[in-house]
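Data from coords_26.pdb: PDB, C-alpha atoms, pLDDT in the B column
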ATOM      1  CA  ILE Y   7      67.386 108.153  50.532  1.00 47.00           C
ATOM      2  CA  ASN Y   8      69.258 111.430  50.505  1.00 54.00           C
ATOM      3  CA  ALA Y   9      67.544 112.566  53.692  1.00 58.00           C
ATOM      4  CA  GLU Y  10      68.358 109.260  55.405  1.00 60.00           C
ATOM      5  CA  TYR Y  11      71.976 109.468  54.239  1.00 55.00           C
ATOM      6  CA  MET Y  12      72.311 113.054  55.434  1.00 52.00           C
ATOM      7  CA  GLY Y  13      70.820 112.179  58.811  1.00 50.00           C
ATOM      8  CA  HIS Y  14      73.264 109.319  59.236  1.00 50.00           C
ATOM      9  CA  PHE Y  15      76.153 111.554  58.187  1.00 46.00           C
ATOM     10  CA  LEU Y  16      75.185 114.312  60.611  1.00 44.00           C
ATOM     11  CA  SER Y  17      74.767 111.887  63.514  1.00 52.00           C
ATOM     12  CA  VAL Y  18      78.219 110.388  62.882  1.00 46.00           C
ATOM     13  CA  TYR Y  19      79.766 113.862  62.477  1.00 45.00           C
ATOM     14  CA  PHE Y  20      78.313 115.251  65.702  1.00 46.00           C
ATOM     15  CA  PHE Y  21      79.228 112.067  67.583  1.00 51.00           C
ATOM     16  CA  SER Y  22      82.833 112.288  66.426  1.00 62.00           C
ATOM     17  CA  ALA Y  23      82.925 116.020  67.232  1.00 62.00           C
ATOM     18  CA  GLN Y  24      81.605 115.356  70.730  1.00 65.00           C
ATOM     19  CA  HIS Y  25      84.155 112.594  71.195  1.00 64.00           C
ATOM     20  CA  GLN Y  26      86.946 114.920  70.108  1.00 72.00           C
ATOM     21  CA  MET Y  27      85.805 117.552  72.577  1.00 76.00           C
ATOM     22  CA  GLU Y  28      85.867 114.997  75.381  1.00 77.00           C
ATOM     23  CA  VAL Y  29      89.384 113.953  74.437  1.00 78.00           C
ATOM     24  CA  VAL Y  30      90.531 117.574  74.335  1.00 82.00           C
ATOM     25  CA  MET Y  31      88.972 118.224  77.756  1.00 86.00           C
ATOM     26  CA  ASP Y  32      90.730 115.157  79.185  1.00 86.00           C
ATOM     27  CA  ILE Y  33      94.096 116.290  77.877  1.00 87.00           C
ATOM     28  CA  VAL Y  34      93.684 119.922  78.982  1.00 89.00           C
ATOM     29  CA  CYS Y  35      92.481 119.087  82.496  1.00 90.00           C
ATOM     30  CA  VAL Y  36      95.168 116.486  83.166  1.00 91.00           C
ATOM     31  CA  LEU Y  37      97.972 118.667  81.791  1.00 92.00           C
ATOM     32  CA  ALA Y  38      96.715 121.659  83.793  1.00 93.00           C
ATOM     33  CA  SER Y  39      96.566 119.524  86.938  1.00 94.00           C
ATOM     34  CA  ALA Y  40     100.097 118.223  86.354  1.00 94.00           C
ATOM     35  CA  ALA Y  41     101.361 121.766  85.702  1.00 95.00           C
ATOM     36  CA  LEU Y  42      99.814 123.049  88.944  1.00 95.00           C
ATOM     37  CA  TYR Y  43     101.228 120.138  90.907  1.00 95.00           C
ATOM     38  CA  ALA Y  44     104.709 120.526  89.419  1.00 95.00           C
ATOM     39  CA  GLY Y  45     104.631 124.307  89.834  1.00 95.00           C
ATOM     40  CA  TYR Y  46     103.790 124.000  93.502  1.00 94.00           C
ATOM     41  CA  HIS Y  47     106.735 121.688  94.112  1.00 94.00           C
ATOM     42  CA  LEU Y  48     109.112 123.933  92.180  1.00 93.00           C
ATOM     43  CA  GLN Y  49     107.999 126.825  94.376  1.00 92.00           C
ATOM     44  CA  LEU Y  50     108.417 124.608  97.444  1.00 90.00           C
ATOM     45  CA  GLN Y  51     111.941 123.714  96.367  1.00 89.00           C
ATOM     46  CA  ARG Y  52     112.749 127.404  95.899  1.00 89.00           C
ATOM     47  CA  ARG Y  53     111.455 128.221  99.381  1.00 88.00           C
ATOM     48  CA  THR Y  54     113.487 125.374 100.840  1.00 86.00           C
ATOM     49  CA  ARG Y  55     116.686 126.701  99.300  1.00 85.00           C
ATOM     50  CA  SER Y  56     116.018 130.261 100.416  1.00 82.00           C
ATOM     51  CA  GLY Y  57     115.249 129.283 104.019  1.00 72.00           C
ATOM     52  CA  THR Y  58     116.000 125.850 105.435  1.00 68.00           C
ATOM     53  CA  LEU Y  59     113.555 126.097 108.331  1.00 77.00           C
ATOM     54  CA  GLN Y  60     110.669 127.430 106.253  1.00 82.00           C
ATOM     55  CA  THR Y  61     109.572 124.013 104.956  1.00 87.00           C
ATOM     56  CA  SER Y  62     109.402 120.485 106.273  1.00 87.00           C
ATOM     57  CA  TRP Y  63     111.760 119.405 103.475  1.00 87.00           C
ATOM     58  CA  GLY Y  64     114.499 121.717 104.685  1.00 87.00           C
ATOM     59  CA  LEU Y  65     113.968 120.763 108.321  1.00 87.00           C
ATOM     60  CA  MET Y  66     114.224 117.044 107.626  1.00 88.00           C
ATOM     61  CA  THR Y  67     117.279 117.498 105.383  1.00 88.00           C
ATOM     62  CA  SER Y  68     119.093 119.456 108.085  1.00 88.00           C
ATOM     63  CA  THR Y  69     118.021 116.952 110.739  1.00 88.00           C
ATOM     64  CA  ARG Y  70     119.317 114.012 108.702  1.00 89.00           C
ATOM     65  CA  ASP Y  71     122.646 115.748 108.161  1.00 89.00           C
ATOM     66  CA  LEU Y  72     123.016 116.439 111.899  1.00 89.00           C
ATOM     67  CA  TRP Y  73     121.975 112.892 112.746  1.00 90.00           C
ATOM     68  CA  LEU Y  74     124.530 111.421 110.356  1.00 88.00           C
ATOM     69  CA  GLU Y  75     127.248 113.685 111.726  1.00 88.00           C
ATOM     70  CA  HIS Y  76     126.345 112.615 115.263  1.00 88.00           C
ATOM     71  CA  ILE Y  77     126.330 108.905 114.367  1.00 87.00           C
ATOM     72  CA  THR Y  78     129.680 109.035 112.565  1.00 85.00           C
ATOM     73  CA  SER Y  79     131.315 110.961 115.409  1.00 85.00           C
ATOM     74  CA  ASP Y  80     131.576 107.697 117.374  1.00 82.00           C
ATOM     75  CA  THR Y  81     130.617 104.637 115.357  1.00 77.00           C
ATOM     76  CA  LYS Y  82     131.525 102.274 118.189  1.00 81.00           C
ATOM     77  CA  ALA Y  83     128.936 103.859 120.477  1.00 83.00           C
ATOM     78  CA  PHE Y  84     126.257 104.821 117.925  1.00 85.00           C
ATOM     79  CA  GLY Y  85     126.927 102.357 115.093  1.00 83.00           C
ATOM     80  CA  MET Y  86     124.139  99.970 116.058  1.00 87.00           C
ATOM     81  CA  LEU Y  87     121.676 102.833 116.412  1.00 87.00           C
ATOM     82  CA  GLY Y  88     122.602 104.065 112.935  1.00 87.00           C
ATOM     83  CA  VAL Y  89     122.188 100.616 111.390  1.00 88.00           C
ATOM     84  CA  GLN Y  90     118.771 100.148 112.993  1.00 91.00           C
ATOM     85  CA  THR Y  91     117.562 103.575 111.852  1.00 90.00           C
ATOM     86  CA  LEU Y  92     118.714 102.952 108.278  1.00 91.00           C
ATOM     87  CA  ARG Y  93     117.098  99.521 108.368  1.00 92.00           C
ATOM     88  CA  ASN Y  94     113.767 101.017 109.456  1.00 93.00           C
ATOM     89  CA  GLN Y  95     113.879 103.522 106.606  1.00 92.00           C
ATOM     90  CA  GLN Y  96     114.810 100.758 104.196  1.00 93.00           C
ATOM     91  CA  GLN Y  97     111.835  98.655 105.310  1.00 94.00           C
ATOM     92  CA  ALA Y  98     109.511 101.613 104.736  1.00 94.00           C
ATOM     93  CA  CYS Y  99     110.860 102.099 101.202  1.00 95.00           C
ATOM     94  CA  ILE Y 100     110.542  98.382 100.416  1.00 95.00           C
ATOM     95  CA  PHE Y 101     106.962  98.320 101.713  1.00 96.00           C
ATOM     96  CA  PHE Y 102     105.908 101.289  99.572  1.00 95.00           C
ATOM     97  CA  ALA Y 103     107.783  99.942  96.544  1.00 95.00           C
ATOM     98  CA  SER Y 104     106.093  96.532  96.773  1.00 95.00           C
ATOM     99  CA  THR Y 105     102.702  98.174  97.264  1.00 95.00           C
ATOM    100  CA  CYS Y 106     103.165 100.392  94.203  1.00 95.00           C
ATOM    101  CA  ALA Y 107     104.297  97.441  92.077  1.00 95.00           C
ATOM    102  CA  LEU Y 108     101.353  95.304  93.195  1.00 95.00           C
ATOM    103  CA  VAL Y 109      98.729  97.997  92.565  1.00 95.00           C
ATOM    104  CA  ALA Y 110     100.301  99.000  89.224  1.00 94.00           C
ATOM    105  CA  SER Y 111     100.354  95.415  87.925  1.00 92.00           C
ATOM    106  CA  THR Y 112      96.751  94.889  89.070  1.00 93.00           C
ATOM    107  CA  LEU Y 113      95.589  98.034  87.293  1.00 91.00           C
ATOM    108  CA  ALA Y 114      97.489  97.085  84.135  1.00 89.00           C
ATOM    109  CA  GLY Y 115      95.742  93.712  84.079  1.00 89.00           C
ATOM    110  CA  TYR Y 116      92.379  95.381  84.660  1.00 89.00           C
ATOM    111  CA  ALA Y 117      92.981  97.817  81.805  1.00 86.00           C
ATOM    112  CA  GLN Y 118      93.224  94.928  79.322  1.00 85.00           C
ATOM    113  CA  SER Y 119      89.629  93.937  80.072  1.00 85.00           C
ATOM    114  CA  LEU Y 120      88.258  97.384  79.233  1.00 82.00           C
ATOM    115  CA  SER Y 121      86.769  98.085  75.829  1.00 80.00           C
ATOM    116  CA  SER Y 122      87.006 101.884  75.932  1.00 80.00           C
ATOM    117  CA  THR Y 123      90.337 103.308  74.830  1.00 81.00           C
ATOM    118  CA  MET Y 124      89.993 106.380  77.039  1.00 83.00           C
ATOM    119  CA  ALA Y 125      89.259 104.224  80.081  1.00 85.00           C
ATOM    120  CA  ARG Y 126      92.431 102.266  79.371  1.00 88.00           C
ATOM    121  CA  VAL Y 127      94.417 105.476  79.132  1.00 88.00           C
ATOM    122  CA  ARG Y 128      93.100 106.641  82.505  1.00 89.00           C
ATOM    123  CA  ILE Y 129      93.958 103.367  84.214  1.00 91.00           C
ATOM    124  CA  LEU Y 130      97.390 103.202  82.592  1.00 91.00           C
ATOM    125  CA  ALA Y 131      98.110 106.792  83.674  1.00 92.00           C
ATOM    126  CA  VAL Y 132      97.585 105.814  87.315  1.00 93.00           C
ATOM    127  CA  SER Y 133      99.641 102.665  86.796  1.00 94.00           C
ATOM    128  CA  SER Y 134     102.495 104.656  85.227  1.00 93.00           C
ATOM    129  CA  THR Y 135     102.715 107.073  88.151  1.00 95.00           C
ATOM    130  CA  LEU Y 136     102.793 104.147  90.574  1.00 95.00           C
ATOM    131  CA  LEU Y 137     105.602 102.528  88.583  1.00 95.00           C
ATOM    132  CA  ALA Y 138     107.530 105.803  88.749  1.00 95.00           C
ATOM    133  CA  ALA Y 139     107.072 105.821  92.530  1.00 96.00           C
ATOM    134  CA  PHE Y 140     108.225 102.193  92.636  1.00 96.00           C
ATOM    135  CA  PHE Y 141     111.400 103.101  90.765  1.00 96.00           C
ATOM    136  CA  CYS Y 142     112.180 106.001  93.133  1.00 96.00           C
ATOM    137  CA  HIS Y 143     111.623 103.852  96.219  1.00 96.00           C
ATOM    138  CA  MET Y 144     113.932 101.143  94.911  1.00 95.00           C
ATOM    139  CA  GLN Y 145     116.622 103.698  94.129  1.00 95.00           C
ATOM    140  CA  ALA Y 146     116.245 104.997  97.686  1.00 95.00           C
ATOM    141  CA  VAL Y 147     116.849 101.451  98.955  1.00 95.00           C
ATOM    142  CA  ARG Y 148     119.942 101.260  96.770  1.00 93.00           C
ATOM    143  CA  TYR Y 149     121.441 104.446  98.222  1.00 93.00           C
ATOM    144  CA  LEU Y 150     120.496 103.378 101.749  1.00 92.00           C
ATOM    145  CA  LEU Y 151     122.647 100.289 101.272  1.00 91.00           C
ATOM    146  CA  HIS Y 152     125.509 102.542 100.171  1.00 89.00           C
ATOM    147  CA  VAL Y 153     125.119 104.677 103.292  1.00 90.00           C
ATOM    148  CA  ALA Y 154     124.930 101.611 105.544  1.00 87.00           C
ATOM    149  CA  TYR Y 155     128.320 100.468 104.288  1.00 86.00           C
ATOM    150  CA  CYS Y 156     130.005 103.861 104.083  1.00 86.00           C
ATOM    151  CA  PHE Y 157     129.146 105.562 107.357  1.00 83.00           C
ATOM    152  CA  GLN Y 158     131.097 103.013 109.449  1.00 80.00           C
ATOM    153  CA  VAL Y 159     134.292 103.305 107.401  1.00 82.00           C
ATOM    154  CA  GLU Y 160     136.630 106.049 108.578  1.00 78.00           C
ATOM    155  CA  ALA Y 161     138.384 106.232 105.197  1.00 76.00           C
ATOM    156  CA  VAL Y 162     135.190 107.449 103.538  1.00 80.00           C
ATOM    157  CA  GLN Y 163     134.696 111.199 103.840  1.00 84.00           C
ATOM    158  CA  LEU Y 164     131.638 112.407 105.725  1.00 85.00           C
ATOM    159  CA  ALA Y 165     130.658 114.739 102.867  1.00 87.00           C
ATOM    160  CA  LEU Y 166     130.325 111.751 100.523  1.00 88.00           C
ATOM    161  CA  VAL Y 167     128.107 109.887 102.976  1.00 88.00           C
ATOM    162  CA  VAL Y 168     125.950 112.990 103.504  1.00 89.00           C
ATOM    163  CA  ARG Y 169     125.553 113.390  99.746  1.00 90.00           C
ATOM    164  CA  GLN Y 170     124.405 109.783  99.376  1.00 91.00           C
ATOM    165  CA  HIS Y 171     121.998 110.143 102.289  1.00 91.00           C
ATOM    166  CA  ARG Y 172     120.521 113.319 100.819  1.00 91.00           C
ATOM    167  CA  ARG Y 173     119.769 111.424  97.639  1.00 93.00           C
ATOM    168  CA  VAL Y 174     117.786 108.967  99.731  1.00 93.00           C
ATOM    169  CA  GLY Y 175     115.662 111.792 101.117  1.00 92.00           C
ATOM    170  CA  THR Y 176     115.158 113.321  97.668  1.00 92.00           C
ATOM    171  CA  LEU Y 177     114.101 110.030  96.085  1.00 94.00           C
ATOM    172  CA  TYR Y 178     111.791 109.254  98.993  1.00 94.00           C
ATOM    173  CA  ARG Y 179     110.083 112.645  98.663  1.00 93.00           C
ATOM    174  CA  ILE Y 180     109.674 112.270  94.894  1.00 94.00           C
ATOM    175  CA  ALA Y 181     108.215 108.792  95.324  1.00 95.00           C
ATOM    176  CA  ASN Y 182     105.681 109.927  97.927  1.00 94.00           C
ATOM    177  CA  ARG Y 183     104.616 112.975  95.923  1.00 94.00           C
ATOM    178  CA  THR Y 184     104.208 110.782  92.835  1.00 95.00           C
ATOM    179  CA  MET Y 185     101.981 108.464  94.830  1.00 95.00           C
ATOM    180  CA  TYR Y 186      99.923 111.484  95.871  1.00 94.00           C
ATOM    181  CA  PHE Y 187      99.461 112.455  92.231  1.00 95.00           C
ATOM    182  CA  SER Y 188      98.368 108.924  91.338  1.00 93.00           C
ATOM    183  CA  GLY Y 189      95.636 109.368  93.919  1.00 91.00           C
ATOM    184  CA  LEU Y 190      94.532 112.548  92.168  1.00 92.00           C
ATOM    185  CA  LEU Y 191      94.431 110.711  88.848  1.00 92.00           C
ATOM    186  CA  THR Y 192      92.010 108.128  90.232  1.00 91.00           C
ATOM    187  CA  VAL Y 193      89.183 110.689  90.188  1.00 90.00           C
ATOM    188  CA  TRP Y 194      89.797 111.114  86.446  1.00 88.00           C
ATOM    189  CA  SER Y 195      87.393 108.215  85.895  1.00 83.00           C
ATOM    190  CA  LEU Y 196      84.556 110.372  87.218  1.00 86.00           C
ATOM    191  CA  HIS Y 197      85.129 113.443  85.043  1.00 86.00           C
ATOM    192  CA  PRO Y 198      88.158 115.325  83.689  1.00 86.00           C
ATOM    193  CA  LEU Y 199      87.279 118.404  85.707  1.00 90.00           C
ATOM    194  CA  CYS Y 200      87.399 116.335  88.904  1.00 91.00           C
ATOM    195  CA  VAL Y 201      91.173 116.012  88.496  1.00 92.00           C
ATOM    196  CA  LEU Y 202      91.567 119.765  88.269  1.00 91.00           C
ATOM    197  CA  VAL Y 203      89.265 120.398  91.225  1.00 93.00           C
ATOM    198  CA  ALA Y 204      90.979 117.739  93.352  1.00 94.00           C
ATOM    199  CA  THR Y 205      94.373 119.266  92.586  1.00 94.00           C
ATOM    200  CA  GLY Y 206      93.121 122.719  93.512  1.00 93.00           C
ATOM    201  CA  VAL Y 207      91.895 121.390  96.854  1.00 94.00           C
ATOM    202  CA  PHE Y 208      94.960 119.248  97.544  1.00 94.00           C
ATOM    203  CA  ILE Y 209      97.654 121.876  96.898  1.00 94.00           C
ATOM    204  CA  PRO Y 210      96.539 124.236  99.734  1.00 94.00           C
ATOM    205  CA  LEU Y 211      96.485 121.234 102.047  1.00 93.00           C
ATOM    206  CA  LEU Y 212     100.046 120.340 101.037  1.00 92.00           C
ATOM    207  CA  TYR Y 213     101.105 123.954 101.521  1.00 92.00           C
ATOM    208  CA  ARG Y 214      99.726 123.864 105.043  1.00 91.00           C
ATOM    209  CA  LEU Y 215     101.603 120.653 105.825  1.00 89.00           C
ATOM    210  CA  ASP Y 216     104.866 121.680 104.127  1.00 89.00           C
ATOM    211  CA  THR Y 217     105.137 125.154 105.660  1.00 86.00           C
ATOM    212  CA  LEU Y 218     106.946 125.652 108.945  1.00 80.00           C
ATOM    213  CA  ASP Y 219     107.682 128.703 111.059  1.00 68.00           C
ATOM    214  CA  ILE Y 220     110.516 127.353 113.138  1.00 61.00           C
ATOM    215  CA  GLU Y 221     112.513 130.578 113.116  1.00 55.00           C
ATOM    216  CA  ALA Y 222     109.673 132.688 114.510  1.00 45.00           C
ATOM    217  CA  HIS Y 223     108.787 130.010 117.048  1.00 49.00           C
ATOM    218  CA  ALA Y 224     112.415 129.641 118.140  1.00 51.00           C
ATOM    219  CA  TYR Y 225     112.745 133.405 118.422  1.00 36.00           C
ATOM    220  CA  ALA Y 226     109.590 133.607 120.532  1.00 43.00           C
ATOM    221  CA  THR Y 227     110.803 130.778 122.758  1.00 46.00           C
ATOM    222  CA  HIS Y 228     114.213 132.371 123.139  1.00 43.00           C
ATOM    223  CA  THR Y 229     112.618 135.705 123.992  1.00 40.00           C
ATOM    224  CA  ASP Y 230     110.383 134.117 126.604  1.00 47.00           C
ATOM    225  CA  GLN Y 231     113.343 132.339 128.139  1.00 46.00           C
ATOM    226  CA  GLY Y 232     115.326 135.547 128.173  1.00 46.00           C
ATOM    227  CA  ASP Y 233     112.522 137.413 129.898  1.00 46.00           C
ATOM    228  CA  GLY Y 234     112.179 134.611 132.407  1.00 46.00           C
ATOM    229  CA  ASP Y 235     115.907 134.589 133.154  1.00 46.00           C
ATOM    230  CA  ALA Y 236     115.905 138.374 133.561  1.00 43.00           C
ATOM    231  CA  ALA Y 237     112.991 138.162 135.955  1.00 44.00           C
ATOM    232  CA  ALA Y 238     114.742 135.430 137.927  1.00 43.00           C
ATOM    233  CA  ASP Y 239     117.895 137.556 138.138  1.00 44.00           C
ATOM    234  CA  ASP Y 240     115.869 140.515 139.375  1.00 46.00           C
ATOM    235  CA  ALA Y 241     114.191 138.363 141.984  1.00 43.00           C
ATOM    236  CA  SER Y 242     117.480 136.931 143.224  1.00 44.00           C
ATOM    237  CA  ALA Y 243     119.229 140.309 143.331  1.00 43.00           C
ATOM    238  CA  PRO Y 244     119.615 141.768 146.861  1.00 44.00           C
ATOM    239  CA  ALA Y 245     117.363 144.589 147.804  1.00 42.00           C
ATOM    240  CA  PRO Y 246     119.040 148.016 147.962  1.00 38.00           C
TER     241      PRO Y 246
END

Since I need it in another form, could you write the structure as C-alpha cells?
Amino acid sequence: INAEYMGHFLSVYFFSAQHQMEVVMDIVCVLASAALYAGYHLQLQRRTRSGTLQTSWGLMTSTRDLWLEHITSDTKAFGMLGVQTLRNQQQACIFFASTCALVASTLAGYAQSLSSTMARVRILAVSSTLLAAFFCHMQAVRYLLHVAYCFQVEAVQLALVVRQHRRVGTLYRIANRTMYFSGLLTVWSLHPLCVLVATGVFIPLLYRLDTLDIEAHAYATHTDQGDGDAAADDASAPAP
C-alpha cells in the first residue's frame, strides 16, 4: 500500500512539475518575443526621428504632410482629389477593422470549445491583439473624418489638420504592426519556442522593408545629373 501510494504521489508530483515547466516556458518565450518586437519598433522610431528619409515611416509621414499642404493650397482645384484620397484610406481602415473584429470574435467562440486552459490562453492572446488592431483602425477612421471636414475650411489652421492627419498614420502603423504580431502568436500553438524563432526571422525582414537610403540615392542621382550637365556644357562649348 505504501509503495502504491508513493508511486501515485511521485507520478502526480512529476506531472505537475512538468506542467509548471511548460507554463514557465510559454510565458518566457512569449514575453521575450514581445520584448524583441517592441524593442525593434522603439529603435525604428528613434531612427525615424534622427533621419526622416532613413525609414519608410519617415518618408510616408513627410509625403503625407507635403500632400496635405498641396491639397489645401487650392481646395477648389484639388478638393475633390483630397476627398477621394481620404475616402480610399478610410475604406482600407474599415476593411482591416472589420476583418480583425470578425477573426477575433470567431477565435473567441472557438476558445470556449477547448478543454485545455493553455490552449484557451493562446487563442485569446491572438484574439486580443486583433481587437487592439481593430481599435486602432477605428480610431484612424475617426481622425480621417476630422481631416475630411477640416482641410476644406480656411479658418482651420494647417498645422492642426497636419497634426490630425499624422495621428491617422500613427494609428494605422500601430494597427498593422499589431496584426503582424498576432500572426506570430498563431505559431504558439505548435510550440512556445516557435514564437521566439518566428520573431527572430521576422524582425530582419521588417528591418529590410523599413530601411531606406533615399539620401544616398538622391545624392548619387544628383551627382550623375551634375556630371551629365557638365559634359553637355563641355560638348556645347566652342572649340578654341

For Leu137 of chain Y, find every residue with an atom within 12 Å (counting only C-alpha atoms), except residues of its own chain fewer than 6 positions away, and show them as number ranges by chain. Y: 102-114, 130-131, 143-144, 181-182, 184-185, 188

Grab the residues selected above and save them as a PDB file, in the frame of the given file with C-alpha atoms.
ATOM      1  CA  PHE Y 102     105.908 101.289  99.572  1.00 95.00           C
ATOM      2  CA  ALA Y 103     107.783  99.942  96.544  1.00 95.00           C
ATOM      3  CA  SER Y 104     106.093  96.532  96.773  1.00 95.00           C
ATOM      4  CA  THR Y 105     102.702  98.174  97.264  1.00 95.00           C
ATOM      5  CA  CYS Y 106     103.165 100.392  94.203  1.00 95.00           C
ATOM      6  CA  ALA Y 107     104.297  97.441  92.077  1.00 95.00           C
ATOM      7  CA  LEU Y 108     101.353  95.304  93.195  1.00 95.00           C
ATOM      8  CA  VAL Y 109      98.729  97.997  92.565  1.00 95.00           C
ATOM      9  CA  ALA Y 110     100.301  99.000  89.224  1.00 94.00           C
ATOM     10  CA  SER Y 111     100.354  95.415  87.925  1.00 92.00           C
ATOM     11  CA  THR Y 112      96.751  94.889  89.070  1.00 93.00           C
ATOM     12  CA  LEU Y 113      95.589  98.034  87.293  1.00 91.00           C
ATOM     13  CA  ALA Y 114      97.489  97.085  84.135  1.00 89.00           C
ATOM     14  CA  LEU Y 130      97.390 103.202  82.592  1.00 91.00           C
ATOM     15  CA  ALA Y 131      98.110 106.792  83.674  1.00 92.00           C
ATOM     16  CA  HIS Y 143     111.623 103.852  96.219  1.00 96.00           C
ATOM     17  CA  MET Y 144     113.932 101.143  94.911  1.00 95.00           C
ATOM     18  CA  ALA Y 181     108.215 108.792  95.324  1.00 95.00           C
ATOM     19  CA  ASN Y 182     105.681 109.927  97.927  1.00 94.00           C
ATOM     20  CA  THR Y 184     104.208 110.782  92.835  1.00 95.00           C
ATOM     21  CA  MET Y 185     101.981 108.464  94.830  1.00 95.00           C
ATOM     22  CA  SER Y 188      98.368 108.924  91.338  1.00 93.00           C
TER      23      SER Y 188
END

Mind dumping a table of every segment 105-220 of chain Y residue within 9 Å of segment 90-99 of chain Y, with the nearest atom pair and its distance in Å to one decimal, using all atoms listed in the file, sorted by chain and rising number, as CSV?
residue,atom,partner,partner_atom,distance
Y:Phe140,CA,Y:Cys99,CA,9.0
Y:His143,CA,Y:Cys99,CA,5.3
Y:Met144,CA,Y:Cys99,CA,7.1
Y:Ala146,CA,Y:Cys99,CA,7.1
Y:Val147,CA,Y:Gln96,CA,5.7
Y:Leu150,CA,Y:Gln96,CA,6.7
Y:Leu151,CA,Y:Gln96,CA,8.4
Y:Val153,CA,Y:Leu92,CA,8.3
Y:Ala154,CA,Y:Leu92,CA,6.9
Y:Tyr178,CA,Y:Cys99,CA,7.5

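Using only C-alpha atoms for every distance, the candidate list Y:Leu218, Y:Leu199, Y:Ile209, Y:Ile129 yields Y:Leu199 as the residue closest to Val34 of chain Y.
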
What does the distance from atom CA of Val132 of chain Y to atom CA of Met27 of chain Y come to in Å, to one decimal?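 Separating atom CA of Val132 of chain Y from atom CA of Met27 of chain Y is a distance of 22.2 Å.
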
Just want the 10 Å neighbourhood of Gln51 of chain Y, counted on all atoms listed in the file, with same-chain residues fewer than 4 positions away dropped. Output as JSON, numbers by chain. {"Y": [45, 46, 47, 55, 56, 61, 63, 64]}

Of the residues Y:Gly189, Y:Leu215, Y:Leu164, Y:Val174, which is the one nearest to Leu72 of chain Y, using only C-alpha atoms?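 Looking at the shortest contact to Leu72 of chain Y, the residue is Y:Leu164.
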
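Note that atom CA of Pro198 of chain Y and atom CA of Glu28 of chain Y are 8.6 Å apart.
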
Nearby residues (only C-alpha atoms) at most 12 Å from Leu87 of chain Y, same-chain spacing under 6 positions excluded, as a ChimeraX atom specification: /Y:73-74,76-78,80-81,93-94,154,158

Expanded to explicit residues, what is the PyMOL selection byres ((chain Y and resi 200) around 12) for this file, as a CSV table (one decimal) with C-alpha atoms, in the coordinates of the input?
chain,number,residue,atom,x,y,z
Y,31,MET,CA,89.0,118.2,77.8
Y,32,ASP,CA,90.7,115.2,79.2
Y,35,CYS,CA,92.5,119.1,82.5
Y,36,VAL,CA,95.2,116.5,83.2
Y,38,ALA,CA,96.7,121.7,83.8
Y,39,SER,CA,96.6,119.5,86.9
Y,189,GLY,CA,95.6,109.4,93.9
Y,190,LEU,CA,94.5,112.5,92.2
Y,191,LEU,CA,94.4,110.7,88.8
Y,192,THR,CA,92.0,108.1,90.2
Y,193,VAL,CA,89.2,110.7,90.2
Y,194,TRP,CA,89.8,111.1,86.4
Y,195,SER,CA,87.4,108.2,85.9
Y,196,LEU,CA,84.6,110.4,87.2
Y,197,HIS,CA,85.1,113.4,85.0
Y,198,PRO,CA,88.2,115.3,83.7
Y,199,LEU,CA,87.3,118.4,85.7
Y,201,VAL,CA,91.2,116.0,88.5
Y,202,LEU,CA,91.6,119.8,88.3
Y,203,VAL,CA,89.3,120.4,91.2
Y,204,ALA,CA,91.0,117.7,93.4
Y,205,THR,CA,94.4,119.3,92.6
Y,206,GLY,CA,93.1,122.7,93.5
Y,207,VAL,CA,91.9,121.4,96.9
Y,208,PHE,CA,95.0,119.2,97.5

From the options Y:Thr67, Y:Thr54, Y:Ser134, Y:Ser121, which residue's atoms come nearest to Arg172 of chain Y, counting all atoms listed in the file?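 Closest to Arg172 of chain Y of all the choices is Y:Thr67.
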